[in-house]
Amino acid sequence: MKLITKTMLAAVCMLPLSGLTTSAKEQIVVESENTALVFTVGDNGRLYQSYFGKRIANAGDYASLPLGNEAYLTHGMEDYFEPALHINRADGNPSPLLTYKSHTVTPCKGGKETVITLVDPVYADEVAMHFVSYEKENVFKTWTEIFNKEKGAIVLEKFASSLLHFTSPNNYLTQYNGDWAREANAFTQELFYGKKDVDTKLGTRANMFVSPFFQLSLGAPATEKSGEVLVGTLGWTGNFRFTFEVDNKGDLRVLSGINPYFSQYRLAKGGSFRTPEFIFTLSRKGTGEASRNLHDWARRYQVKNGMGDRMTLLNNWESTYFDFDEKKLITLIGEAKEFGVDMFLLDDGWFGNKYPRHSDTQGLGDWDETANKLPNGIGRLTEEAKKQGVKFGLWIEPEMVNPKSELYEKHKDWVITLPNREEYYFRNQLVLDLSNPKVQDYVFNVVDELKTKYPDIAFFKWDCNSPITNIYSTYEKMNQSHLYIDYVRGLYNVLDRVAAKYPDLPMMLCAGGGGRTDYEALKYFPEMWVSDDTDPIERLFIQWGYSQVFPAKVQCAHVTTWNKSASAKFRVNVAMMGKLGFDLNLHDLSASDLAYCKQAVKNYNRLKPVILDGDQYRLVSPYEGNHAATMYVGKDKRKAVVFAFDVHPRYAEKLYNVVLEGLDANATYEVREIDRADCTVGDAKTYSGDYLMTVGLPLFSCNKLFSTVVELTKK
Ligand code: DGJ
């Protein structure tokens with residue numbers, strides 16, 4: 001970030017310039033290695049976005065830019081389209097006028113933080129726009145803080161985290177949506193005059209229908225390797241909204257933030273409101289580079305233990321559902337050891353005594369072990385895990401309650417549900433009111449008491465299966481429209497307390513599959529469960545979708561018995577492209593499949609640094625035909641691994657080579673097929689990096705549901 005002062009600009013402005021340029025004005029340049037976002041203060045004192053694009057070598061050239069569009073547009077002034085800010089005041093004036101007051105630039109981890117303060121000359125409101133630019137990764141984070149310095153309360157009606165303007169002749173939006181078990185499917189459309197919202201109003205399981213990210217191609221639809229594309233995502237574990245509006249001039253604005261739907265927020269005198277972080281990157285080399293920017297940034301700066309290791313695991317959910325007892329679990333812990341994974345994870349169904357959790361109809365909220373299932377408690381299981389040399393993880397869903405539970409009988413006032421209306425249940429349960437500090441204490445205590453009693457619990461899977469319905473909080477009283485926001489803040493309070501007391505405790509973020517998949521939650525959770533759909537064909541699409549924004553490291557991928565027509569190898573190879581786990585038992589596998597799985601775990605452990613921490617290249621899209629391929633290249637380019645899949649090829653179909661990427665063109669690589677179903681490895685062949693990235697390898701076949709894994713080692 002550089003501040004171009006009026007004095008510096010004076011020299012530039014003495015040159016004869018076209019009438020399109022601004023005169024010497026204060027400019028604030030927020031920039032990373034390749035990208036710049038330039039703001040200019042107009043003669044009227046307001047702040048304008050003059051530029052967003054490729055960083056220009058000579059910063060002085062930004063003085064030649066036209067003024068542009070107002071940076072943080074407010075409701076009810078001269079603009080005719082969607083505003084970023086709308087404040088209701090006691091005197092009835094709802095239109096803030098924001099003028100530049102000052103700005104600061106301070107170094108921070110990975111880059112710089114620029115804070116631009118805007119003030120209303122008449123009312124005592126202040127808005128601070130924050131921009132953190134990550135130099136190397138070309139990633140930006142932005143949010144605003146709204147300060148009420150007036151004599152009384154104000155009500156925030158609209159409060160975007162970010163407003164960005166674009167002036168490309170054509171704009172193409174790719175959104176990622178679906179439903180339970182078919183999350184994150186890509187859909188692209190061109191944007192024309194008018195408004196398109198991508199939003200959610202589900203509250204808790206907020207991303208069940210739509211993921212909190214998008215791609216915006218500028219000029220023409222971007223491909224993996226070409227085109228200018230903005231990739232944006234909101235770090236907010238609740239309702240979000242992205243608004244894309246093309247105006248009468250053909251200009252596009254993109255507003256990102258909390259969904260203002262039923263969220264008018266009263267700000268007391270002296271109070272402030274911080275919007276969530278909007279995270280974005282702009283690539284001129286297509287979606288692949290944009291994803292890698294975000295993956296690098298996420299691992300380095302955002303995700304809990306982003307640079308640390310991850311545990312492979314065996315989960316019991318799909319193999320037992322609610323039907324288990326101590327004996328069965330002890331067998332499964334032994335199987336975890338047999339598979340060679342790091343951890344056994346006990347899923348739903350271990351708690352409740354008055355209302356034992358034998359199905360999803362009861363028991364949620366009563367976090368004591370069911371006596372007839374686990375007569376010796378969790379302690380017997382952690383002890384067994386210790387004996388076997390595996391870690392022990394436990395499923396919880398602490399934000400929820402079944403009406404058939406002791407918790408509900410005791411604390412009906414803790415539940416989100418409308419008075420004078422029949423209760424409505426999603427998966428037979430209700431959401432606890434986390435805006436209430438007493439409920440926050442209770443939720444924290446679920447974790448704290450389990451950890452205190454069983455310090456050997458090494459991991460939690462934190463589930464959240466219901467959206468908020470019939471929204472009403474006994475605690476919020478007259479501030480009902482605060483609930484969606486206060487809920488999320490309450491959740492973060494709890495997670496902060498958990499992180500403070502158990503800083504090294506890893507947890508999996510889960511919400512009935514991919515119902516919670518955002519970068520704020522990932523500050524607390526090193527990994528997330530992206531879908532209950534583990535059919536490997538569907539997973540190729542689902543993982544492809546999430547990989548646009550999230551690194552493989554945070555995407556849990558489990559091998560199950562979904563789609564048994566796919567071989568164990570095919571299912572495992574798909575799961576190896578994320579954080580590998582198994583959710584089946586030994587009886588689901590033949591002896592040779594089991595031998596294969598054990599080998600795969602070993603291969604995975606060896607390749608983890610490449611898959612989880614390397615650069616990901618999406619080579620062949622499952623959306624484009626009958627095959628798919630993805631590769632991962634270690635940061636030092638010494639190791640790489642390619643996963644190639646034949647999904648439903650046609651008879652005698654013409655096959656094309658898979659052209660690799662990201663290698664050292666001048667190096668020679670030893671290439672070998674690994675992870676074969678019969679546990680053998682292929683013969684080593686050598687190729688130059690240049691050859692592999694130009695001609696490629698014949699990795700596809702006409703076999704249905706067939707997969708090939710190739711390891712490359714630099715010689
Ligand atoms: C939904 C999750 O996505 C599943 O993995 C499993 O944990 C169930 N909940 C348990 O009820």
# chains A, B, ... in the order shown; residues from 1 in each chain; ligands from 1
>>> residues_around(residues="region 136-138 of chain A", least_positions_apart="4", cutoff="12 Å", atoms="only C-alpha atoms", output="number ranges by chain")
A: 30-37, 53-55, 109-112, 132, 230-231, 279-284, 289-301
>>> residues_near_ligand(ligand="ligand 1", cutoff="9 Å", atoms="only C-alpha atoms and all ligand atoms", output="PyMOL selection string")
chain A and resi 315+317-318+321-322+347-349+359-360+395-397+461-465+510-515+529-533
>>> residues_around(residues="Ser272 (chain A)", least_positions_apart="2", cutoff="7 Å", atoms="only C-alpha atoms", output="list of chain:residue names")
A:Glu145, A:Ile146, A:Phe147, A:Asn148, A:Leu267, A:Gly270, A:Arg274
>>> write_last_selection(atoms="N, CA and C atoms", output="PDB file, in the first residue's frame")
ATOM      1  N   GLU A 145     -16.393  -1.170   9.868  1.00  0.00           N
ATOM      2  CA  GLU A 145     -16.827  -0.998  11.254  1.00  0.00           C
ATOM      3  C   GLU A 145     -17.652   0.277  11.271  1.00  0.00           C
ATOM      4  N   ILE A 146     -18.831   0.178  11.823  1.00  0.00           N
ATOM      5  CA  ILE A 146     -19.720   1.341  11.850  1.00  0.00           C
ATOM      6  C   ILE A 146     -19.810   1.791  13.305  1.00  0.00           C
ATOM      7  N   PHE A 147     -19.509   3.070  13.541  1.00  0.00           N
ATOM      8  CA  PHE A 147     -19.492   3.596  14.909  1.00  0.00           C
ATOM      9  C   PHE A 147     -20.652   4.555  15.082  1.00  0.00           C
ATOM     10  N   ASN A 148     -21.395   4.356  16.142  1.00  0.00           N
ATOM     11  CA  ASN A 148     -22.464   5.299  16.454  1.00  0.00           C
ATOM     12  C   ASN A 148     -21.961   6.300  17.493  1.00  0.00           C
ATOM     13  N   LEU A 267     -28.036  -0.038  17.233  1.00  0.00           N
ATOM     14  CA  LEU A 267     -26.706   0.238  17.774  1.00  0.00           C
ATOM     15  C   LEU A 267     -26.852   1.339  18.813  1.00  0.00           C
ATOM     16  N   GLY A 270     -22.649   5.167  21.289  1.00  0.00           N
ATOM     17  CA  GLY A 270     -21.285   4.747  21.635  1.00  0.00           C
ATOM     18  C   GLY A 270     -20.934   3.352  21.131  1.00  0.00           C
ATOM     19  N   ARG A 274     -19.174  -4.424  13.707  1.00  0.00           N
ATOM     20  CA  ARG A 274     -18.138  -4.892  12.782  1.00  0.00           C
ATOM     21  C   ARG A 274     -18.750  -5.923  11.846  1.00  0.00           C
TER      22      ARG A 274
END
>>> closest_residue(among="A:Leu202, A:Val572, A:Leu252, A:Ile28", to="Phe426 (chain A)", atoms="only C-alpha atoms")
A:Leu202
>>> residues_around(residues="Glu527 (chain A)", least_positions_apart="5", cutoff="8 Å", atoms="only C-alpha atoms", output="list in words")
Met507, Met508, Leu509, Leu522, Lys553, Val554, Gln555 and Cys556 of chain A
>>> write_last_selection(atoms="N, CA, C and O atoms", output="PDB file, in the first residue's frame")
ATOM      1  N   MET A 507     -11.110 -29.928  15.695  1.00  0.00           N
ATOM      2  CA  MET A 507     -12.540 -30.253  15.587  1.00  0.00           C
ATOM      3  C   MET A 507     -12.924 -30.240  14.107  1.00  0.00           C
ATOM      4  O   MET A 507     -12.382 -29.464  13.322  1.00  0.00           O
ATOM      5  N   MET A 508     -13.886 -31.086  13.780  1.00  0.00           N
ATOM      6  CA  MET A 508     -14.410 -31.097  12.414  1.00  0.00           C
ATOM      7  C   MET A 508     -15.706 -30.294  12.396  1.00  0.00           C
ATOM      8  O   MET A 508     -16.598 -30.525  13.208  1.00  0.00           O
ATOM      9  N   LEU A 509     -15.776 -29.378  11.463  1.00  0.00           N
ATOM     10  CA  LEU A 509     -16.987 -28.582  11.291  1.00  0.00           C
ATOM     11  C   LEU A 509     -17.944 -29.369  10.409  1.00  0.00           C
ATOM     12  O   LEU A 509     -17.572 -29.800   9.314  1.00  0.00           O
ATOM     13  N   LEU A 522     -13.623 -21.653   9.963  1.00  0.00           N
ATOM     14  CA  LEU A 522     -12.360 -22.394   9.832  1.00  0.00           C
ATOM     15  C   LEU A 522     -11.229 -21.791  10.666  1.00  0.00           C
ATOM     16  O   LEU A 522     -10.168 -22.387  10.785  1.00  0.00           O
ATOM     17  N   LYS A 553      -6.800 -29.698   2.202  1.00  0.00           N
ATOM     18  CA  LYS A 553      -6.520 -29.936   3.616  1.00  0.00           C
ATOM     19  C   LYS A 553      -7.737 -29.781   4.529  1.00  0.00           C
ATOM     20  O   LYS A 553      -7.815 -30.418   5.577  1.00  0.00           O
ATOM     21  N   VAL A 554      -8.664 -28.922   4.173  1.00  0.00           N
ATOM     22  CA  VAL A 554      -9.816 -28.702   5.056  1.00  0.00           C
ATOM     23  C   VAL A 554     -11.032 -29.535   4.647  1.00  0.00           C
ATOM     24  O   VAL A 554     -12.055 -29.499   5.308  1.00  0.00           O
ATOM     25  N   GLN A 555     -10.926 -30.260   3.544  1.00  0.00           N
ATOM     26  CA  GLN A 555     -12.091 -31.023   3.065  1.00  0.00           C
ATOM     27  C   GLN A 555     -11.991 -32.478   3.490  1.00  0.00           C
ATOM     28  O   GLN A 555     -11.236 -33.251   2.906  1.00  0.00           O
ATOM     29  N   CYS A 556     -12.774 -32.876   4.485  1.00  0.00           N
ATOM     30  CA  CYS A 556     -12.774 -34.273   4.895  1.00  0.00           C
ATOM     31  C   CYS A 556     -13.438 -35.098   3.793  1.00  0.00           C
ATOM     32  O   CYS A 556     -14.503 -34.732   3.296  1.00  0.00           O
TER      33      CYS A 556
END
>>> closest_residue(among="A:Glu670, A:Asp636, A:Glu409, A:Glu183", to="Arg539 (chain A)", atoms="only C-alpha atoms")
A:Glu183
>>> atom_distance(atom1="CA of Leu586 (chain A)", atom2="CA of His358 (chain A)")
23.4 Å
>>> residues_around(residues="region 661-663 of chain A", least_positions_apart="5", cutoff="7 Å", atoms="only C-alpha atoms", output="PyMOL selection string")
chain A and resi 617+633+637+689+693
>>> write_last_selection(atoms="N, CA and C atoms", output="CSV table (one decimal), in the first residue's frame")
chain,number,residue,atom,x,y,z
A,617,TYR,N,-3.8,-28.5,-9.0
A,617,TYR,CA,-4.2,-28.2,-10.4
A,617,TYR,C,-5.3,-29.1,-10.8
A,633,VAL,N,1.1,-30.7,-6.6
A,633,VAL,CA,2.5,-30.6,-6.8
A,633,VAL,C,3.1,-30.0,-5.5
A,637,LYS,N,8.4,-28.6,-5.9
A,637,LYS,CA,8.3,-29.3,-7.2
A,637,LYS,C,9.0,-30.6,-7.3
A,689,GLY,N,10.0,-32.4,-17.4
A,689,GLY,CA,8.8,-31.6,-16.9
A,689,GLY,C,8.1,-30.9,-18.1
A,693,MET,N,4.3,-31.3,-19.3
A,693,MET,CA,3.3,-30.2,-19.3
A,693,MET,C,3.0,-29.8,-20.8
>>> residues_around(residues="region 220-227 of chain A", least_positions_apart="4", cutoff="12 Å", atoms="only C-alpha atoms", output="PyMOL selection string")
chain A and resi 168-174+187-191+215-216+231+282-292+544+548+616-621+624+630+661-662
>>> closest_residue(among="A:Lys639, A:Lys685, A:Lys249, A:Lys141", to="Gly232 (chain A)", atoms="only C-alpha atoms")
A:Lys141
>>> closest_residue(among="A:Thr417, A:Asn259, A:Thr452, A:Asn445", to="Thr474 (chain A)", atoms="only C-alpha atoms")
A:Thr417
>>> select_by_dssp(residues="region 280-484 of chain A", states="alpha helix (DSSP H)", output="ChimeraX atom specification")
/A:286-297,317-320,326-339,377-388,406-410,437-453,483-484
>>> residues_around(residues="region 652-654 of chain A", least_positions_apart="3", cutoff="12 Å", atoms="only C-alpha atoms", output="PDB file with N, CA and C atoms, in the first residue's frame")
ATOM      1  N   GLY A 625     -17.046 -33.947 -19.366  1.00  0.00           N
ATOM      2  CA  GLY A 625     -17.063 -35.189 -20.134  1.00  0.00           C
ATOM      3  C   GLY A 625     -17.098 -36.405 -19.262  1.00  0.00           C
ATOM      4  N   ASN A 626     -16.429 -37.448 -19.722  1.00  0.00           N
ATOM      5  CA  ASN A 626     -16.551 -38.746 -19.063  1.00  0.00           C
ATOM      6  C   ASN A 626     -15.386 -39.054 -18.138  1.00  0.00           C
ATOM      7  N   HIS A 627     -14.496 -38.103 -17.997  1.00  0.00           N
ATOM      8  CA  HIS A 627     -13.286 -38.327 -17.200  1.00  0.00           C
ATOM      9  C   HIS A 627     -13.037 -37.114 -16.313  1.00  0.00           C
ATOM     10  N   ASP A 646     -11.853 -42.432 -14.862  1.00  0.00           N
ATOM     11  CA  ASP A 646     -12.761 -42.690 -15.985  1.00  0.00           C
ATOM     12  C   ASP A 646     -14.119 -42.926 -15.346  1.00  0.00           C
ATOM     13  N   HIS A 648     -17.717 -42.541 -16.850  1.00  0.00           N
ATOM     14  CA  HIS A 648     -18.603 -43.365 -17.701  1.00  0.00           C
ATOM     15  C   HIS A 648     -18.199 -43.177 -19.164  1.00  0.00           C
ATOM     16  N   PRO A 649     -16.995 -43.654 -19.507  1.00  0.00           N
ATOM     17  CA  PRO A 649     -16.539 -43.473 -20.888  1.00  0.00           C
ATOM     18  C   PRO A 649     -17.408 -44.251 -21.873  1.00  0.00           C
ATOM     19  N   ASN A 657      -4.570 -37.292 -23.899  1.00  0.00           N
ATOM     20  CA  ASN A 657      -3.611 -37.274 -22.799  1.00  0.00           C
ATOM     21  C   ASN A 657      -4.045 -36.288 -21.724  1.00  0.00           C
ATOM     22  N   PRO A 698      -0.905 -40.561 -21.067  1.00  0.00           N
ATOM     23  CA  PRO A 698      -2.168 -41.236 -21.411  1.00  0.00           C
ATOM     24  C   PRO A 698      -2.760 -41.921 -20.176  1.00  0.00           C
ATOM     25  N   PHE A 700      -6.084 -41.876 -19.194  1.00  0.00           N
ATOM     26  CA  PHE A 700      -7.493 -42.269 -19.235  1.00  0.00           C
ATOM     27  C   PHE A 700      -7.661 -43.588 -19.985  1.00  0.00           C
ATOM     28  N   SER A 701      -8.785 -44.261 -19.663  1.00  0.00           N
ATOM     29  CA  SER A 701      -9.083 -45.525 -20.350  1.00  0.00           C
ATOM     30  C   SER A 701     -10.570 -45.559 -20.665  1.00  0.00           C
ATOM     31  N   CYS A 702     -11.004 -46.605 -21.332  1.00  0.00           N
ATOM     32  CA  CYS A 702     -12.444 -46.751 -21.608  1.00  0.00           C
ATOM     33  C   CYS A 702     -13.126 -47.655 -20.590  1.00  0.00           C
ATOM     34  N   ASN A 703     -12.436 -47.931 -19.478  1.00  0.00           N
ATOM     35  CA  ASN A 703     -13.060 -48.731 -18.415  1.00  0.00           C
ATOM     36  C   ASN A 703     -13.981 -47.847 -17.590  1.00  0.00           C
ATOM     37  N   LYS A 704     -15.114 -48.390 -17.229  1.00  0.00           N
ATOM     38  CA  LYS A 704     -16.049 -47.599 -16.412  1.00  0.00           C
ATOM     39  C   LYS A 704     -15.588 -47.576 -14.957  1.00  0.00           C
TER      40      LYS A 704
END
>>> closest_residue(among="A:Glu399, A:Asp518, A:Asp120, A:Asp683", to="Phe213 (chain A)", atoms="only C-alpha atoms")
A:Asp518
>>> select_by_dssp(residues="region 140-346 of chain A", states="strand (DSSP E)", output="PyMOL selection string")
chain A and resi 140-148+154-159+162-166+171-177+185-190+194-199+210-218+228-235+240-246+252-258+265-267+272-274+277-283+313-315+343-346
>>> atom_distance(atom1="CA of Asp678 (chain A)", atom2="CA of Leu580 (chain A)")
20.1 Å
